[in-house]
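A.B. asks: PDB, C-alpha atoms, saved as final_18.pdb, coming up:
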ATOM      1  CA  MET A  18     133.558  -7.509  65.757
ATOM      2  CA  GLY A  19     134.884  -9.959  63.201
ATOM      3  CA  ASN A  20     137.596  -9.401  60.672
ATOM      4  CA  GLN A  21     136.285 -11.619  57.903
ATOM      5  CA  VAL A  22     135.664  -9.958  54.532
ATOM      6  CA  GLU A  23     134.341 -12.183  51.767
ATOM      7  CA  LYS A  24     134.446 -11.382  48.059
ATOM      8  CA  LEU A  25     133.759  -7.661  48.232
ATOM      9  CA  THR A  26     134.364  -5.856  44.970
ATOM     10  CA  HIS A  27     135.209  -2.536  46.597
ATOM     11  CA  LEU A  28     135.679  -1.053  50.009
ATOM     12  CA  ASN A  29     132.653   0.528  51.574
ATOM     13  CA  TYR A  30     132.909   1.564  55.189
ATOM     14  CA  ALA A  31     129.335   0.402  55.718
ATOM     15  CA  GLU A  32     130.421  -3.131  54.828
ATOM     16  CA  VAL A  33     133.944  -3.451  56.196
ATOM     17  CA  PRO A  34     134.921  -3.548  59.881
ATOM     18  CA  THR A  35     136.962  -0.475  60.719
ATOM     19  CA  SER A  36     137.469   1.457  63.953
ATOM     20  CA  ASP A  37     137.536   4.887  65.499
ATOM     21  CA  PRO A  38     139.022   7.891  63.595
ATOM     22  CA  ASN A  39     142.454   7.155  65.045
ATOM     23  CA  GLY A  40     142.433   3.670  63.577
ATOM     24  CA  PHE A  41     142.129   1.780  66.847
ATOM     25  CA  ASP A  42     139.327  -0.156  68.475
ATOM     26  CA  PRO A  43     138.968   0.017  72.275
ATOM     27  CA  ASP A  44     138.442  -3.741  72.368
ATOM     28  CA  ASP A  45     141.412  -4.542  70.151
ATOM     29  CA  ASP A  46     145.104  -3.753  70.060
ATOM     30  CA  GLY A  47     145.555  -2.693  66.434
ATOM     31  CA  PRO A  48     143.999  -1.253  63.283
ATOM     32  CA  ARG A  49     141.200  -3.061  61.528
ATOM     33  CA  ILE A  50     141.423  -5.049  58.339
ATOM     34  CA  GLY A  51     140.870  -3.499  54.938
ATOM     35  CA  VAL A  52     139.456  -5.341  51.952
ATOM     36  CA  SER A  53     141.007  -7.735  49.478
ATOM     37  CA  TYR A  54     140.450  -6.863  45.835
ATOM     38  CA  ILE A  55     141.034 -10.385  44.524
ATOM     39  CA  PHE A  56     137.597 -10.401  42.932
ATOM     40  CA  SER A  57     137.504  -6.871  41.515
ATOM     41  CA  ASN A  58     138.977  -4.864  38.680
ATOM     42  CA  ASP A  59     139.789  -1.214  39.084
ATOM     43  CA  ASP A  60     139.924   0.110  35.521
ATOM     44  CA  ASP A  61     140.569   3.808  35.839
ATOM     45  CA  ASP A  62     140.527   4.061  32.059
ATOM     46  CA  GLU A  63     136.893   3.236  31.405
ATOM     47  CA  GLN A  64     136.091   6.929  31.731
ATOM     48  CA  ASP A  65     138.850   8.020  29.307
ATOM     49  CA  ASP A  66     137.025   7.435  26.046
ATOM     50  CA  ASN A  67     138.219  10.511  24.151
ATOM     51  CA  LEU A  68     141.725   9.165  23.613
ATOM     52  CA  ASP A  69     140.496   6.427  21.315
ATOM     53  CA  HIS A  70     137.896   8.445  19.434
ATOM     54  CA  PHE A  71     139.235  11.941  18.829
ATOM     55  CA  PRO A  72     142.314  13.127  16.941
ATOM     56  CA  PRO A  73     144.765  15.401  18.818
ATOM     57  CA  ASP A  74     143.321  18.638  17.424
ATOM     58  CA  HIS A  75     139.847  17.733  18.688
ATOM     59  CA  ARG A  76     140.734  17.015  22.310
ATOM     60  CA  THR A  77     138.222  18.530  24.691
ATOM     61  CA  VAL A  78     137.657  18.402  28.398
ATOM     62  CA  ASN A  79     134.578  16.480  29.444
ATOM     63  CA  HIS A  80     131.932  19.088  30.268
ATOM     64  CA  ALA A  81     130.936  17.046  33.336
ATOM     65  CA  GLU A  82     134.530  17.057  34.519
ATOM     66  CA  LYS A  83     135.326  19.403  37.390
ATOM     67  CA  PRO A  84     138.695  21.133  37.655
ATOM     68  CA  PHE A  85     141.058  19.384  40.045
ATOM     69  CA  ASP A  86     140.612  20.689  43.580
ATOM     70  CA  PRO A  87     143.819  20.237  45.632
ATOM     71  CA  GLN A  88     141.883  21.073  48.801
ATOM     72  CA  ASP A  89     139.853  17.877  48.356
ATOM     73  CA  GLU A  90     142.959  15.711  47.973
ATOM     74  CA  LEU A  91     143.372  13.280  50.855
ATOM     75  CA  GLU A  92     146.743  13.092  52.547
ATOM     76  CA  CYS A  93     147.788   9.490  53.095
ATOM     77  CA  ALA A  94     150.695   7.157  53.715
ATOM     78  CA  ILE A  95     151.311   3.461  53.110
ATOM     79  CA  TYR A  96     153.383   1.392  55.510
ATOM     80  CA  TYR A  97     154.848  -2.059  55.037
ATOM     81  CA  ARG A  98     155.195  -3.212  58.624
ATOM     82  CA  ASP A  99     157.003  -0.208  60.164
ATOM     83  CA  GLU A 100     158.481   1.187  56.940
ATOM     84  CA  CYS A 101     156.775   4.013  55.078
ATOM     85  CA  VAL A 102     156.771   3.040  51.380
ATOM     86  CA  TYR A 103     154.462   5.765  50.063
ATOM     87  CA  GLU A 104     153.486   9.237  51.211
ATOM     88  CA  ARG A 105     151.290  11.860  49.590
ATOM     89  CA  ASN A 106     151.122  15.366  50.967
ATOM     90  CA  PRO A 107     148.295  17.426  49.476
ATOM     91  CA  GLY A 108     148.874  20.613  47.559
ATOM     92  CA  ALA A 109     151.501  19.427  45.070
ATOM     93  CA  PRO A 110     151.293  21.773  42.053
ATOM     94  CA  THR A 111     149.830  20.549  38.783
ATOM     95  CA  HIS A 112     150.689  21.777  35.285
ATOM     96  CA  SER A 113     149.217  21.859  31.816
ATOM     97  CA  ALA A 114     150.453  19.169  29.442
ATOM     98  CA  GLU A 115     152.487  21.702  27.488
ATOM     99  CA  SER A 116     154.176  22.978  30.643
ATOM    100  CA  LEU A 117     154.752  19.442  31.872
ATOM    101  CA  LEU A 118     156.671  18.601  28.707
ATOM    102  CA  ASN A 119     159.308  21.168  29.642
ATOM    103  CA  LYS A 120     159.846  19.481  33.006
ATOM    104  CA  CYS A 121     159.862  15.786  32.065
ATOM    105  CA  ARG A 122     162.889  13.548  31.721
ATOM    106  CA  PRO A 123     162.829   9.967  30.393
ATOM    107  CA  GLY A 124     161.843   7.586  33.169
ATOM    108  CA  ASP A 125     159.681  10.103  35.027
ATOM    109  CA  LEU A 126     156.303   8.987  36.380
ATOM    110  CA  LEU A 127     153.412  11.283  35.504
ATOM    111  CA  GLU A 128     149.995  11.561  37.114
ATOM    112  CA  PHE A 129     147.039  13.259  35.414
ATOM    113  CA  VAL A 130     144.261  14.323  37.765
ATOM    114  CA  ALA A 131     140.665  15.552  37.607
ATOM    115  CA  THR A 132     138.004  15.753  40.297
ATOM    116  CA  GLY A 133     135.781  12.676  40.379
ATOM    117  CA  GLN A 134     138.128  10.525  38.295
ATOM    118  CA  TYR A 135     140.814   7.993  39.041
ATOM    119  CA  PRO A 136     144.305   9.463  38.612
ATOM    120  CA  HIS A 137     145.892   8.291  35.368
ATOM    121  CA  TRP A 138     149.577   7.379  35.494
ATOM    122  CA  ALA A 139     152.087   7.170  32.653
ATOM    123  CA  VAL A 140     155.828   6.764  32.067
ATOM    124  CA  TYR A 141     157.577   9.498  30.098
ATOM    125  CA  VAL A 142     159.840   7.828  27.525
ATOM    126  CA  GLY A 143     161.150  10.883  25.656
ATOM    127  CA  ASP A 144     160.282  12.614  22.365
ATOM    128  CA  PHE A 145     157.081  14.078  23.888
ATOM    129  CA  GLN A 146     155.675  10.552  24.383
ATOM    130  CA  VAL A 147     154.483   8.399  27.256
ATOM    131  CA  VAL A 148     153.695   4.716  27.727
ATOM    132  CA  HIS A 149     150.636   3.918  29.812
ATOM    133  CA  LEU A 150     147.986   1.305  30.566
ATOM    134  CA  HIS A 151     144.721   2.442  28.982
ATOM    135  CA  ARG A 152     141.549   0.457  28.380
ATOM    136  CA  ALA A 153     143.211  -2.910  29.063
ATOM    137  CA  GLU A 154     146.114  -2.227  26.702
ATOM    138  CA  ILE A 155     149.584  -0.749  27.121
ATOM    139  CA  LYS A 156     149.941   2.094  24.640
ATOM    140  CA  ASN A 157     152.498   4.593  23.405
ATOM    141  CA  ASN A 158     150.948   8.049  22.886
ATOM    142  CA  PHE A 159     151.923  11.691  22.893
ATOM    143  CA  LEU A 160     151.764  13.220  26.359
ATOM    144  CA  THR A 161     149.411  15.963  25.189
ATOM    145  CA  ASP A 162     146.981  13.345  23.843
ATOM    146  CA  VAL A 163     146.998  11.333  27.058
ATOM    147  CA  SER A 164     146.345  14.379  29.233
ATOM    148  CA  GLN A 165     142.964  15.053  27.535
ATOM    149  CA  GLY A 166     142.989  18.545  28.973
ATOM    150  CA  LYS A 167     143.707  17.375  32.514
ATOM    151  CA  LYS A 168     146.534  18.852  34.514
ATOM    152  CA  GLY A 169     149.412  16.633  35.505
ATOM    153  CA  ARG A 170     152.484  16.405  37.672
ATOM    154  CA  ILE A 171     155.668  14.409  38.089
ATOM    155  CA  VAL A 172     155.258  11.900  40.930
ATOM    156  CA  ASN A 173     158.630  10.184  41.136
ATOM    157  CA  GLY A 174     158.843  10.707  44.886
ATOM    158  CA  LEU A 175     155.516   9.306  46.088
ATOM    159  CA  TYR A 176     156.780   5.728  46.371
ATOM    160  CA  ARG A 177     159.914   5.452  48.455
ATOM    161  CA  TYR A 178     161.445   2.481  46.708
ATOM    162  CA  ARG A 179     164.791   2.816  44.946
ATOM    163  CA  ALA A 180     164.251   3.719  41.297
ATOM    164  CA  LEU A 181     165.840   1.808  38.444
ATOM    165  CA  PRO A 182     168.131   3.660  36.004
ATOM    166  CA  PRO A 183     166.171   5.835  33.522
ATOM    167  CA  GLU A 184     167.090   3.691  30.535
ATOM    168  CA  VAL A 185     165.798   0.580  32.313
ATOM    169  CA  ILE A 186     162.548   2.322  33.269
ATOM    170  CA  VAL A 187     161.985   3.347  29.655
ATOM    171  CA  ARG A 188     162.810  -0.146  28.390
ATOM    172  CA  ASN A 189     160.414  -1.720  30.896
ATOM    173  CA  ALA A 190     157.639   0.499  29.555
ATOM    174  CA  VAL A 191     158.380   0.276  25.835
ATOM    175  CA  ASP A 192     158.899  -3.483  25.864
ATOM    176  CA  HIS A 193     155.282  -3.987  26.943
ATOM    177  CA  VAL A 194     153.626  -1.700  24.389
ATOM    178  CA  GLY A 195     150.870  -3.687  22.675
ATOM    179  CA  SER A 196     150.267  -6.022  25.614
ATOM    180  CA  ARG A 197     146.566  -6.345  26.310
ATOM    181  CA  ASP A 198     143.844  -8.248  28.134
ATOM    182  CA  ARG A 199     145.212 -11.536  29.511
ATOM    183  CA  GLU A 200     148.781 -10.507  28.718
ATOM    184  CA  LEU A 201     148.586  -7.787  31.346
ATOM    185  CA  TYR A 202     150.081  -8.207  34.807
ATOM    186  CA  TRP A 203     148.862  -4.907  36.269
ATOM    187  CA  ARG A 204     145.430  -3.902  37.452
ATOM    188  CA  ASN A 205     145.618  -0.185  36.684
ATOM    189  CA  SER A 206     147.793   2.533  35.201
ATOM    190  CA  GLU A 207     149.441   3.343  38.538
ATOM    191  CA  CYS A 208     150.569  -0.217  39.180
ATOM    192  CA  PHE A 209     152.026  -0.483  35.665
ATOM    193  CA  ALA A 210     153.878   2.830  35.785
ATOM    194  CA  ALA A 211     155.239   2.175  39.275
ATOM    195  CA  TRP A 212     156.412  -1.296  38.246
ATOM    196  CA  CYS A 213     158.282   0.195  35.294
ATOM    197  CA  ARG A 214     160.142   2.584  37.580
ATOM    198  CA  PHE A 215     160.812   0.339  40.569
ATOM    199  CA  GLY A 216     160.627  -3.181  39.123
ATOM    200  CA  LYS A 217     158.944  -4.633  42.201
ATOM    201  CA  ARG A 218     156.700  -7.653  41.749
ATOM    202  CA  GLU A 219     154.392  -6.298  44.466
ATOM    203  CA  PHE A 220     152.879  -3.979  41.834
ATOM    204  CA  LYS A 221     151.790  -6.956  39.707
ATOM    205  CA  ILE A 222     148.517  -8.847  39.953
ATOM    206  CA  GLY A 223     149.055 -11.679  42.412
ATOM    207  CA  GLY A 224     152.555 -10.460  43.202
ATOM    208  CA  GLU A 225     152.029 -11.258  46.870
ATOM    209  CA  ILE A 226     150.303 -14.181  48.557
ATOM    210  CA  ARG A 227     147.308 -13.041  50.586
ATOM    211  CA  ILE A 228     147.591 -15.246  53.669
ATOM    212  CA  GLY A 229     148.219 -14.594  57.320
ATOM    213  CA  LYS A 230     148.365 -11.140  58.830
ATOM    214  CA  GLN A 231     147.991  -7.883  56.933
ATOM    215  CA  PRO A 232     151.484  -6.331  56.692
ATOM    216  CA  TYR A 233     150.354  -3.176  54.865
ATOM    217  CA  ARG A 234     148.679  -0.211  56.522
ATOM    218  CA  LEU A 235     146.984   2.683  54.779
ATOM    219  CA  LYS A 236     146.853   5.763  56.976
ATOM    220  CA  LEU A 237     144.270   8.354  55.924
ATOM    221  CA  ILE A 238     145.087  11.764  57.360
ATOM    222  CA  PHE A 239     142.166  14.188  57.553
ATOM    223  CA  SER A 240     143.805  16.714  59.876
ATOM    224  CA  GLU A 241     146.523  16.918  62.525
ATOM    225  CA  LYS A 242     144.182  15.350  65.056
ATOM    226  CA  LYS A 243     142.076  13.057  62.900
ATOM    227  CA  SER A 244     143.328  10.021  61.000
ATOM    228  CA  HIS A 245     142.198   6.496  60.234
ATOM    229  CA  VAL A 246     144.106   3.296  59.540
ATOM    230  CA  LEU A 247     143.206   0.247  57.470
ATOM    231  CA  GLU A 248     145.217  -2.947  57.060
ATOM    232  CA  PHE A 249     145.727  -4.938  53.855
ATOM    233  CA  GLN A 250     147.419  -8.129  52.775
ATOM    234  CA  SER A 251     149.071  -6.788  49.622
ATOM    235  CA  LEU A 252     150.339  -3.573  48.094
ATOM    236  CA  GLU A 253     147.996  -4.110  45.164
ATOM    237  CA  ASP A 254     144.999  -4.018  47.510
ATOM    238  CA  VAL A 255     146.232  -0.845  49.219
ATOM    239  CA  ILE A 256     146.655   0.903  45.880
ATOM    240  CA  MET A 257     143.137  -0.048  44.843
ATOM    241  CA  GLU A 258     141.671   1.523  47.978
ATOM    242  CA  LYS A 259     143.921   4.573  47.769
ATOM    243  CA  ARG A 260     142.824   5.184  44.187
ATOM    244  CA  ARG A 261     139.179   4.877  45.157
ATOM    245  CA  ASN A 262     139.766   7.566  47.759
ATOM    246  CA  ASP A 263     141.540   9.702  45.167
ATOM    247  CA  GLN A 264     138.497   9.412  42.933
ATOM    248  CA  ILE A 265     135.814  10.363  45.460
ATOM    249  CA  GLY A 266     137.864  12.945  47.348
ATOM    250  CA  LYS A 267     138.689  13.813  50.946
ATOM    251  CA  GLU A 268     135.270  15.161  51.887
ATOM    252  CA  ALA A 269     133.421  12.077  50.625
ATOM    253  CA  VAL A 270     135.845   9.673  52.335
ATOM    254  CA  SER A 271     135.473  11.561  55.613
ATOM    255  CA  GLN A 272     131.687  11.505  55.389
ATOM    256  CA  GLU A 273     131.617   7.822  54.456
ATOM    257  CA  LEU A 274     133.829   6.953  57.401
ATOM    258  CA  ALA A 275     131.795   9.087  59.815
ATOM    259  CA  ASN A 276     128.567   7.408  58.695
ATOM    260  CA  HIS A 277     130.044   3.969  59.223
ATOM    261  CA  LEU A 278     131.417   4.783  62.662
ATOM    262  CA  ASN A 279     128.040   6.179  63.735
ATOM    263  CA  ASN A 280     126.267   3.053  62.475
ATOM    264  CA  THR A 281     128.809   0.798  64.177
ATOM    265  CA  THR A 282     128.397   2.606  67.498
ATOM    266  CA  GLN A 283     124.620   2.236  67.276
ATOM    267  CA  GLU A 284     124.897  -1.476  66.441
ATOM    268  CA  ILE A 285     127.179  -2.055  69.424
ATOM    269  CA  LYS A 286     124.740  -0.265  71.745
ATOM    270  CA  GLU A 287     121.836  -2.320  70.416
ATOM    271  CA  GLU A 288     123.797  -5.568  70.784
ATOM    272  CA  ARG A 289     124.707  -4.775  74.386
ATOM    273  CA  PHE A 290     121.069  -3.848  75.135
ATOM    274  CA  VAL A 291     119.843  -7.189  73.761
ATOM    275  CA  ASN A 292     122.460  -9.138  75.708
TER
END
Please rewrite the model in this file as structure tokens.
C.D. replies:
Amino acid sequence: MGNQVEKLTHLNYAEVPTSDPNGFDPDDDGPRIGVSYIFSNDDDDEQDDNLDHFPPDHRTVNHAEKPFDPQDELECAIYYRDECVYERNPGAPTHSAESLLNKCRPGDLLEFVATGQYPHWAVYVGDFQVVHLHRAEIKNNFLTDVSQGKKGRIVNGLYRYRALPPEVIVRNAVDHVGSRDRELYWRNSECFAAWCRFGKREFKIGGEIRIGKQPYRLKLIFSEKKSHVLEFQSLEDVIMEKRRNDQIGKEAVSQELANHLNNTTQEIKEERFVN
């Protein structure tokens, strides 16, 4: 089974070599390769149209939008070589925008979630406002406007890098307000917000050279006994795949993986029969 992946725009387990649910292939000695997102653009903001078209007193929740289901949130961890740099445990409480305002401090990272949508990240900068990447532009808006009726939570602890001082985080965010299109160095709202807080170039587009082995591993944890591991060449690529999983949910990821593994097993049997 080869490891070559050429110009895929997203990860689909029917297209990408993976392995058994524990992340290991009997004929290999490590996890399989994930996909490189060099040729794709994950714009989580394409579905957030209301922010640009409705005033604050006309904010409504999309009628097709389902309430966030924490039971469908996939537990996962990101490793750089042997170091865990990100870990999400499901079940973290979410709050209304109004309640979130009472908990925020300048420099906090916020995540707004809804079932079937990419999580939207923002940096709280004080005075009830956040800075965020939205529709290919970095904007400064009121937190209640950005939430669009979604629930949110503070996610400072997901990434395990050392945070910059709050005033530096806020300055990083505010200094880029108005940047758009080709001036942007981040592929999505999460990468921008995380860069503001941690200042690591790995969150930027092209921040790491994609050559050689894949030093990043994304571990998807479905239960205590079932997990799956993918390898990636850059943190940016891992985040893209993680966000895709966040969008479709735990159940869909599990089903997609099961379908691929069944197809792979059948292909191997057919290949051995022919040979």
A.B. asks: Please write the residues picked by the PyMOL selection byres ((chain A and resi 105) around 6) on this file as a ChimeraX atom specification.
C.D. replies: /A:92-93,104,106
A.B. asks: Given the file shown, determine the residues that the PyMOL selection byres ((chain A and resi 184) around 12) selects; report them as an NGL selection string.
C.D. replies: :A and (122-125 or 140-143 or 180-183 or 185-192 or 213-214)
A.B. asks: Neighbours of segment 110-120 of chain A within 9 Å (all atoms listed in the file; same-chain residues fewer than 3 positions away dropped), as a ChimeraX atom specification?
C.D. replies: /A:85,87,129-130,145,160-171
A.B. asks: Evaluate the PyMOL selection byres ((chain A and resi 212) around 12) against this structure - the residues, as a PyMOL selection string, please.
C.D. replies: chain A and resi 124+126+138-140+149-150+176+178-181+185-190+193+202-211+213-222+224+252-253
A.B. asks: May I ask for the distance between atom CA of Arg261 of chain A and atom CA of Leu235 of chain A, given in Å to one decimal place?
C.D. replies: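 Going from atom CA of Arg261 of chain A over to atom CA of Leu235 of chain A covers 12.6 Å.
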A.B. asks: Quick check, in Å to one decimal: how far apart do atom CA of Leu91 of chain A and atom CA of His245 of chain A lie?
C.D. replies: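 The value is 11.6 Å.
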A.B. asks: What separation in Å, quoted to one decimal, exists between atom CA of Arg177 of chain A and atom CA of Asn262 of chain A?
C.D. replies: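 The value is 20.3 Å.
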A.B. asks: Which residues are near Gln88 of chain A? Cut-off 10 Å, all atoms listed in the file, ignore same chain within fewer than 2 positions. Put them as a VMD selection string.
C.D. replies: chain A and resid 85 to 86 90 to 91 107 to 108 266 to 268
A.B. asks: Between A:Asn279, A:Ser251, A:Gln264, A:Ser271, which has the minimum distance to Pro232 of chain A (counting all atoms listed in the file)?
C.D. replies: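 Among A:Asn279, A:Ser251, A:Gln264, A:Ser271, it is A:Ser251 that comes nearest to Pro232 of chain A.
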A.B. asks: For Leu274 of chain A, which of A:Leu237, A:Val147, A:Ile256, A:Ile228 is the closest residue, counting only C-alpha atoms?
C.D. replies: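 The answer is A:Leu237, which sits nearest to Leu274 of chain A.
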